[in-house]
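Source file model24.txt; content: compact mmCIF, C-alpha atoms.
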# COMPACT_ATOMS: atom_id res chain seq x y z
CA MET A 1176 0.00 0.00 0.00
CA PRO A 1177 1.13 3.60 -0.53
CA LYS A 1178 2.82 5.57 2.19
CA THR A 1179 0.24 7.51 4.17
CA PRO A 1180 1.17 11.15 4.84
CA HIS A 1181 0.72 12.76 8.22
CA VAL A 1182 -3.00 13.26 8.72
CA ALA A 1183 -5.24 14.89 11.27
CA SER A 1184 -6.75 12.73 13.97
CA ASP A 1185 -10.03 11.12 12.94
CA VAL A 1186 -11.34 11.42 16.50
CA ARG A 1187 -14.19 13.88 16.87
CA PRO A 1188 -17.13 14.52 19.18
CA ALA A 1189 -19.98 12.04 19.12
CA LEU A 1190 -22.81 12.61 16.70
CA PRO A 1191 -25.76 14.62 18.02
CA ALA A 1192 -28.55 12.67 19.66
CA LEU A 1193 -30.87 11.03 17.15
CA SER A 1194 -33.68 13.35 18.22
CA ALA A 1195 -31.47 16.34 17.40
CA GLN A 1196 -30.52 14.78 14.05
CA ALA A 1197 -34.20 14.36 13.22
CA ASP A 1198 -34.87 17.98 14.11
CA ARG A 1199 -31.95 19.07 11.91
CA LEU A 1200 -33.27 17.19 8.87
CA ILE A 1201 -36.72 18.65 9.44
CA GLU A 1202 -35.29 22.15 9.86
CA LEU A 1203 -33.56 21.76 6.49
CA GLY A 1204 -36.74 20.50 4.83
CA VAL A 1205 -35.29 17.10 3.94
CA HIS A 1206 -38.48 15.39 5.08
CA GLU A 1207 -40.51 17.39 2.57
CA GLN A 1208 -38.13 16.55 -0.27
CA ALA A 1209 -38.37 12.89 0.75
CA GLY A 1210 -42.16 12.92 1.06
CA LEU A 1211 -42.03 11.98 4.74
CA PRO A 1212 -44.06 13.55 7.55
CA ALA A 1213 -41.90 15.25 10.17
CA ALA A 1214 -43.62 13.10 12.78
CA GLU A 1215 -42.38 9.94 11.05
CA ILE A 1216 -38.75 11.04 11.27
CA ARG A 1217 -39.12 12.00 14.92
CA ALA A 1218 -40.85 8.70 15.70
CA PHE A 1219 -38.06 6.76 13.97
CA ALA A 1220 -35.43 8.66 15.99
CA ALA A 1221 -37.32 7.97 19.21
CA ALA A 1222 -37.61 4.24 18.44
CA ALA A 1223 -33.92 4.04 17.54
CA THR A 1224 -32.97 5.80 20.75
CA ALA A 1225 -35.13 3.42 22.77
CA ALA A 1226 -33.38 0.52 21.03
CA GLY A 1227 -30.01 1.84 22.19
CA ASP A 1228 -28.87 3.24 18.86
CA ASP A 1229 -27.97 6.78 19.93
CA GLY A 1230 -24.54 7.49 18.47
CA ALA A 1231 -25.52 6.32 14.97
CA LEU A 1232 -26.13 8.55 11.95
CA LEU A 1233 -29.76 9.00 10.85
CA VAL A 1234 -30.09 8.74 7.07
CA VAL A 1235 -32.95 9.26 4.63
CA HIS A 1236 -32.74 6.64 1.87
CA PRO A 1237 -30.91 8.02 -1.21
CA ASP A 1238 -33.86 7.16 -3.44
CA ARG A 1239 -35.90 9.71 -1.46
CA ALA A 1240 -33.19 12.29 -0.78
CA PRO A 1241 -30.56 12.09 -3.56
CA ALA A 1242 -27.26 13.93 -3.60
CA SER A 1243 -28.48 16.70 -5.90
CA VAL A 1244 -31.18 17.60 -3.36
CA LEU A 1245 -28.91 17.39 -0.32
CA ALA A 1246 -25.86 19.20 -1.72
CA PRO A 1247 -27.29 22.76 -1.59
CA LEU A 1248 -28.17 22.22 2.08
CA LEU A 1249 -24.51 21.92 3.02
CA ARG A 1250 -22.94 25.03 4.52
CA ARG A 1251 -19.44 26.14 5.43
CA GLY A 1252 -19.67 29.62 6.86
CA ASP A 1253 -21.93 31.47 4.46
CA LYS A 1254 -21.04 29.24 1.49
CA GLU A 1255 -23.62 26.84 0.08
CA GLY A 1256 -22.68 23.34 -1.02
CA PHE A 1257 -22.71 22.40 -4.69
CA VAL A 1258 -22.10 19.60 -7.19
CA VAL A 1259 -19.36 20.12 -9.77
CA THR A 1260 -20.60 21.05 -13.23
CA ASP A 1261 -19.11 17.96 -14.88
CA MET A 1262 -21.15 15.62 -12.68
CA PRO A 1263 -24.69 16.19 -13.95
CA ASP A 1264 -25.33 12.47 -13.47
CA VAL A 1265 -24.58 12.60 -9.73
CA ASP A 1266 -27.88 10.97 -8.79
CA LEU A 1267 -27.14 7.97 -11.02
CA PHE A 1268 -24.28 6.94 -8.73
CA ALA A 1269 -25.90 4.01 -6.94
CA PRO A 1270 -24.79 1.68 -4.13
CA LEU A 1271 -22.47 -1.18 -4.98
CA ASP A 1272 -24.20 -4.54 -4.65
CA THR A 1273 -22.29 -5.19 -1.44
CA ASP A 1274 -23.24 -1.84 0.09
CA ALA A 1275 -26.97 -1.53 -0.55
CA PRO A 1276 -28.87 0.34 2.18
CA PRO A 1277 -31.90 -1.20 3.93
CA ASP A 1278 -35.13 -1.14 1.98
CA ALA A 1279 -36.67 1.49 4.22
CA PRO A 1280 -37.20 5.26 3.98
CA LEU A 1281 -35.05 5.83 7.08
CA TYR A 1282 -32.12 3.86 8.47
CA LEU A 1283 -29.03 4.15 10.63
CA VAL A 1284 -25.35 4.15 9.74
CA THR A 1285 -23.14 2.97 12.58
CA GLY A 1286 -19.54 3.82 13.36
CA PRO A 1287 -18.81 6.38 10.61
CA ASP A 1288 -15.11 7.06 10.14
CA ARG A 1289 -13.47 9.55 7.76
CA GLY A 1290 -10.68 7.18 6.83
CA ASP A 1291 -7.79 9.62 7.27
CA ARG A 1292 -5.39 6.69 7.62
CA MET A 1293 -6.04 5.85 3.96
CA ALA A 1294 -5.14 9.29 2.66
CA ASN A 1295 -2.95 8.86 -0.44
CA TRP A 1296 -4.57 5.52 -1.29
CA SER A 1297 -6.53 5.04 -4.50
CA PRO A 1298 -10.14 3.83 -4.46
CA LYS A 1299 -8.97 0.60 -6.06
CA GLU A 1300 -6.65 0.05 -3.12
CA ALA A 1301 -9.01 1.23 -0.39
CA LEU A 1302 -12.09 -0.84 -1.28
CA PRO A 1303 -10.59 -4.31 -0.72
CA ALA A 1304 -8.85 -3.08 2.44
CA LEU A 1305 -12.13 -1.84 3.91
CA THR A 1306 -13.85 -5.09 2.93
CA ALA A 1307 -11.13 -7.09 4.67
CA GLU A 1308 -11.79 -5.06 7.81
CA THR A 1309 -15.54 -5.80 7.51
CA ARG A 1310 -16.22 -2.10 7.08
CA THR A 1311 -18.56 -0.73 4.43
CA PRO A 1312 -17.69 2.38 2.40
CA LEU A 1313 -20.14 5.23 2.80
CA LEU A 1314 -22.57 6.08 0.05
CA LEU A 1315 -22.43 9.63 -1.28
CA ALA A 1316 -25.79 10.56 0.28
CA GLU A 1317 -24.64 9.12 3.62
CA GLY A 1318 -21.51 11.23 3.50
CA ILE A 1319 -23.63 14.33 2.87
CA HIS A 1320 -25.91 13.43 5.78
CA TRP A 1321 -22.84 13.15 7.99
CA VAL A 1322 -21.61 16.62 7.05
CA LEU A 1323 -25.12 18.06 7.49
CA GLN A 1324 -25.08 16.80 11.08
CA GLN A 1325 -21.39 17.46 11.78
CA PRO A 1326 -20.07 20.17 9.44
CA ALA A 1327 -16.63 20.02 11.08
CA VAL A 1328 -16.11 16.53 9.65
CA LEU A 1329 -15.17 18.28 6.40
CA GLU A 1330 -11.82 19.98 6.99
CA ARG A 1331 -9.56 21.62 4.47
CA ASN A 1332 -6.91 19.09 3.41
CA HIS A 1333 -8.73 16.34 5.35
CA CYS A 1334 -11.81 15.44 3.31
CA PHE A 1335 -13.15 12.09 2.14
CA MET A 1336 -14.34 9.86 -0.66
CA THR A 1337 -17.61 7.89 -0.65
CA ILE A 1338 -16.76 4.91 -2.83
CA GLY A 1339 -19.84 2.90 -1.87
CA SER A 1340 -21.62 4.82 -4.64
CA ARG A 1341 -20.64 4.11 -8.23
CA LEU A 1342 -22.12 4.67 -11.65
CA ARG A 1343 -22.71 1.50 -13.65
CA ARG A 1344 -22.44 1.82 -17.42
CA ALA A 1345 -24.46 -0.06 -20.01
CA GLY A 1346 -23.16 -3.61 -20.00
CA GLY A 1347 -22.44 -3.57 -16.28
CA ALA A 1348 -18.95 -2.03 -16.15
CA LEU A 1349 -18.32 0.59 -13.48
CA ASP A 1350 -17.62 4.16 -14.51
CA ALA A 1351 -14.06 5.11 -13.49
CA ARG A 1352 -15.24 8.11 -11.47
CA THR A 1353 -15.59 7.83 -7.69
CA PRO A 1354 -17.52 10.49 -5.71
CA ALA A 1355 -16.05 12.57 -2.91
CA LEU A 1356 -16.76 15.53 -0.65
CA TRP A 1357 -14.20 18.27 -0.19
CA ILE A 1358 -13.80 22.04 0.06
CA SER A 1359 -13.58 24.17 -3.06
CA ASN A 1360 -10.55 26.37 -3.72
CA GLY A 1361 -12.71 28.54 -5.97
CA THR A 1362 -10.64 27.75 -9.05
CA GLY A 1363 -11.66 26.77 -12.58
CA ARG A 1364 -15.33 26.16 -13.20
CA ASP A 1365 -16.15 26.30 -9.48
CA GLY A 1366 -15.83 30.10 -9.62
CA ARG A 1367 -14.14 32.39 -7.10
CA GLU A 1368 -17.42 32.98 -5.32
CA ARG A 1369 -17.43 29.31 -4.28
CA ARG A 1370 -14.07 29.34 -2.56
CA ASP A 1371 -14.40 27.50 0.79
CA ALA A 1372 -17.78 26.01 -0.15
CA PRO A 1373 -18.54 22.31 0.46
CA LYS A 1374 -18.12 20.56 -2.86
CA ILE A 1375 -19.31 17.25 -4.28
CA GLY A 1376 -17.07 16.02 -7.04
CA TRP A 1377 -15.26 12.97 -8.27
CA CYS A 1378 -11.82 11.41 -8.70
CA TRP A 1379 -10.53 8.63 -10.94
CA GLU A 1380 -10.60 5.21 -9.29
CA GLY A 1381 -6.88 4.67 -9.80
CA ASN A 1382 -5.67 8.05 -8.53
CA ARG A 1383 -4.30 8.92 -5.09
CA HIS A 1384 -4.85 12.17 -3.19
CA THR A 1385 -3.08 13.08 0.04
CA TRP A 1386 -6.06 15.14 1.20
CA LEU A 1387 -8.78 12.50 0.72
CA GLY A 1388 -9.51 9.65 3.09
CA PHE A 1389 -12.12 6.94 2.54
CA ALA A 1390 -15.24 7.26 4.68
CA SER A 1391 -16.69 4.00 5.94
CA ALA A 1392 -19.00 2.56 8.59
CA THR A 1393 -19.44 -0.59 10.61
CA GLY A 1394 -22.88 -1.16 9.11
CA ARG A 1395 -26.41 -0.03 8.29
CA ARG A 1396 -29.60 -1.08 9.98
CA VAL A 1397 -33.19 -0.33 10.81
CA PRO A 1398 -33.87 -0.64 14.56
CA HIS A 1399 -36.45 -3.14 15.71
CA PRO A 1400 -38.54 -2.57 18.83
Re-express the file's structure as structure tokens.
Amino acid sequence: MPKTPHVASDVRPALPALSAQADRLIELGVHEQAGLPAAEIRAFAAAATAAGDDGALLVVHPDRAPASVLAPLLRRGDKEGFVVTDMPDVDLFAPLDTDAPPDAPLYLVTGPDRGDRMANWSPKEALPALTAETRTPLLLAEGIHWVLQQPAVLERNHCFMTIGSRLRRAGGALDARTPALWISNGTGRDGRERRDAPKIGWCWEGNRHTWLGFASATGRRVPHP
């Protein structure tokens, strides 16, 4: 594996309580975009808390709240999140067969980790390593949910890829692009006005970047009473 450069610690405060996460999604209007009553999200959070799942990330299924809908809700200071112009097909990036979310409108992601230790690895190198550790790479929408709840998880020079989401071409082959979340420098087609804004973009699956880790989780589940 490649040499990993010095990286920031991937230790951060615990996620907000599930009730607070539900309130945050409702405040942002995610429930309306997803066609879910606010009461349903709050009830789910309450049931998950009662089941002992506080500490997990509350996620709206990507089919109901895709990346293109969630991206503008991201904020860093007064800068709004955006999707790069050469990724108009962002919502076609779907879960790998091994990383499909539960068939439910709401679910939990447990043990999210930014993957700083894999900075300077390529997606091709990181995926089998995560699989060997029985960790699952985050989906793009899950990564956005994480930043919505904990904006500080996205740091300049310490951002992350979400390689659980890939675009499948006709015939079944995977597109070589892999999605990621980072902070815009305001160069090129991003535009100077977007400097420091949260950015959803992509990298080639064989390339390495010292400033991108590989976000993953211990699992996904729907709590049962």
In Å, how far is it from atom CA of A:Glu1330 to atom CA of A:Lys1254? 14.2 Å
For stretch 1192-1201 of chain A, list every protein, DNA or RNA residue within 8 Å, evaluated using all atoms listed in the file, and leave out those in the same chain fewer than 5 positions away; present the list as a ChimeraX atom specification. /A:1206-1207,1213,1216-1217,1220-1221,1223-1224,1229-1233,1324
Report as a PyMOL selection string all protein, DNA and RNA residues lying within 12 Å of A:Thr1285, evaluated on only C-alpha atoms, omitting residues in the same chain fewer than 5 positions from it. chain A and resi 1189-1190+1223+1227-1234+1310-1313+1317+1321+1390-1398
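The shortest atom-to-atom distance to A:Arg1370, with only C-alpha atoms taken into account, belongs to A:Asp1253 out of A:His1384, A:Arg1292, A:Gln1208, A:Asp1253.
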Which one of A:Leu1323, A:Leu1248, A:Leu1271, A:Ala1225 sits closest to A:Leu1342 if you count all atoms listed in the file? A:Leu1271
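Of note, atom CA of A:Phe1268 and atom CA of A:Arg1289 are spaced 19.9 Å apart.
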Two-atom distance - atom CA of A:Asp1266, atom CA of A:Gly1318 (Å): 13.8 Å
Residues near A:Phe1389, anyone? I mean within 9 Å using only C-alpha atoms, not counting same-chain ones fewer than 4 positions away, as a short mmCIF file (atom, residue, chain, number, x, y, z; two decimals) with C-alpha atoms, in the frame of the given file.
data_model
loop_
_atom_site.label_atom_id
_atom_site.label_comp_id
_atom_site.auth_asym_id
_atom_site.auth_seq_id
_atom_site.Cartn_x
_atom_site.Cartn_y
_atom_site.Cartn_z
CA ASP A 1288 -15.11 7.06 10.14
CA ARG A 1289 -13.47 9.55 7.76
CA GLY A 1290 -10.68 7.18 6.83
CA ASP A 1291 -7.79 9.62 7.27
CA ARG A 1292 -5.39 6.69 7.62
CA MET A 1293 -6.04 5.85 3.96
CA ALA A 1294 -5.14 9.29 2.66
CA TRP A 1296 -4.57 5.52 -1.29
CA PRO A 1298 -10.14 3.83 -4.46
CA ALA A 1301 -9.01 1.23 -0.39
CA LEU A 1302 -12.09 -0.84 -1.28
CA LEU A 1305 -12.13 -1.84 3.91
CA PRO A 1312 -17.69 2.38 2.40
CA LEU A 1313 -20.14 5.23 2.80
CA CYS A 1334 -11.81 15.44 3.31
CA PHE A 1335 -13.15 12.09 2.14
CA MET A 1336 -14.34 9.86 -0.66
CA THR A 1337 -17.61 7.89 -0.65
CA ILE A 1338 -16.76 4.91 -2.83
CA ALA A 1355 -16.05 12.57 -2.91
#
Given 4 Å on each side, where is the centre and what are the edge lengths in Å to one decimal of the axis-aligned box enclosing the listed atoms of stretch 1362-1375 of chain A, as JSON?
{"center_x": -15.0, "center_y": 25.1, "center_z": -6.2, "size_x": 16.7, "size_y": 23.7, "size_z": 22.0}
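Among the candidate residues A:Pro1326, A:Pro1354, A:Gly1210, A:Gly1381, the one lying nearest to A:Leu1281 is A:Gly1210, with distances computed using all atoms listed in the file.
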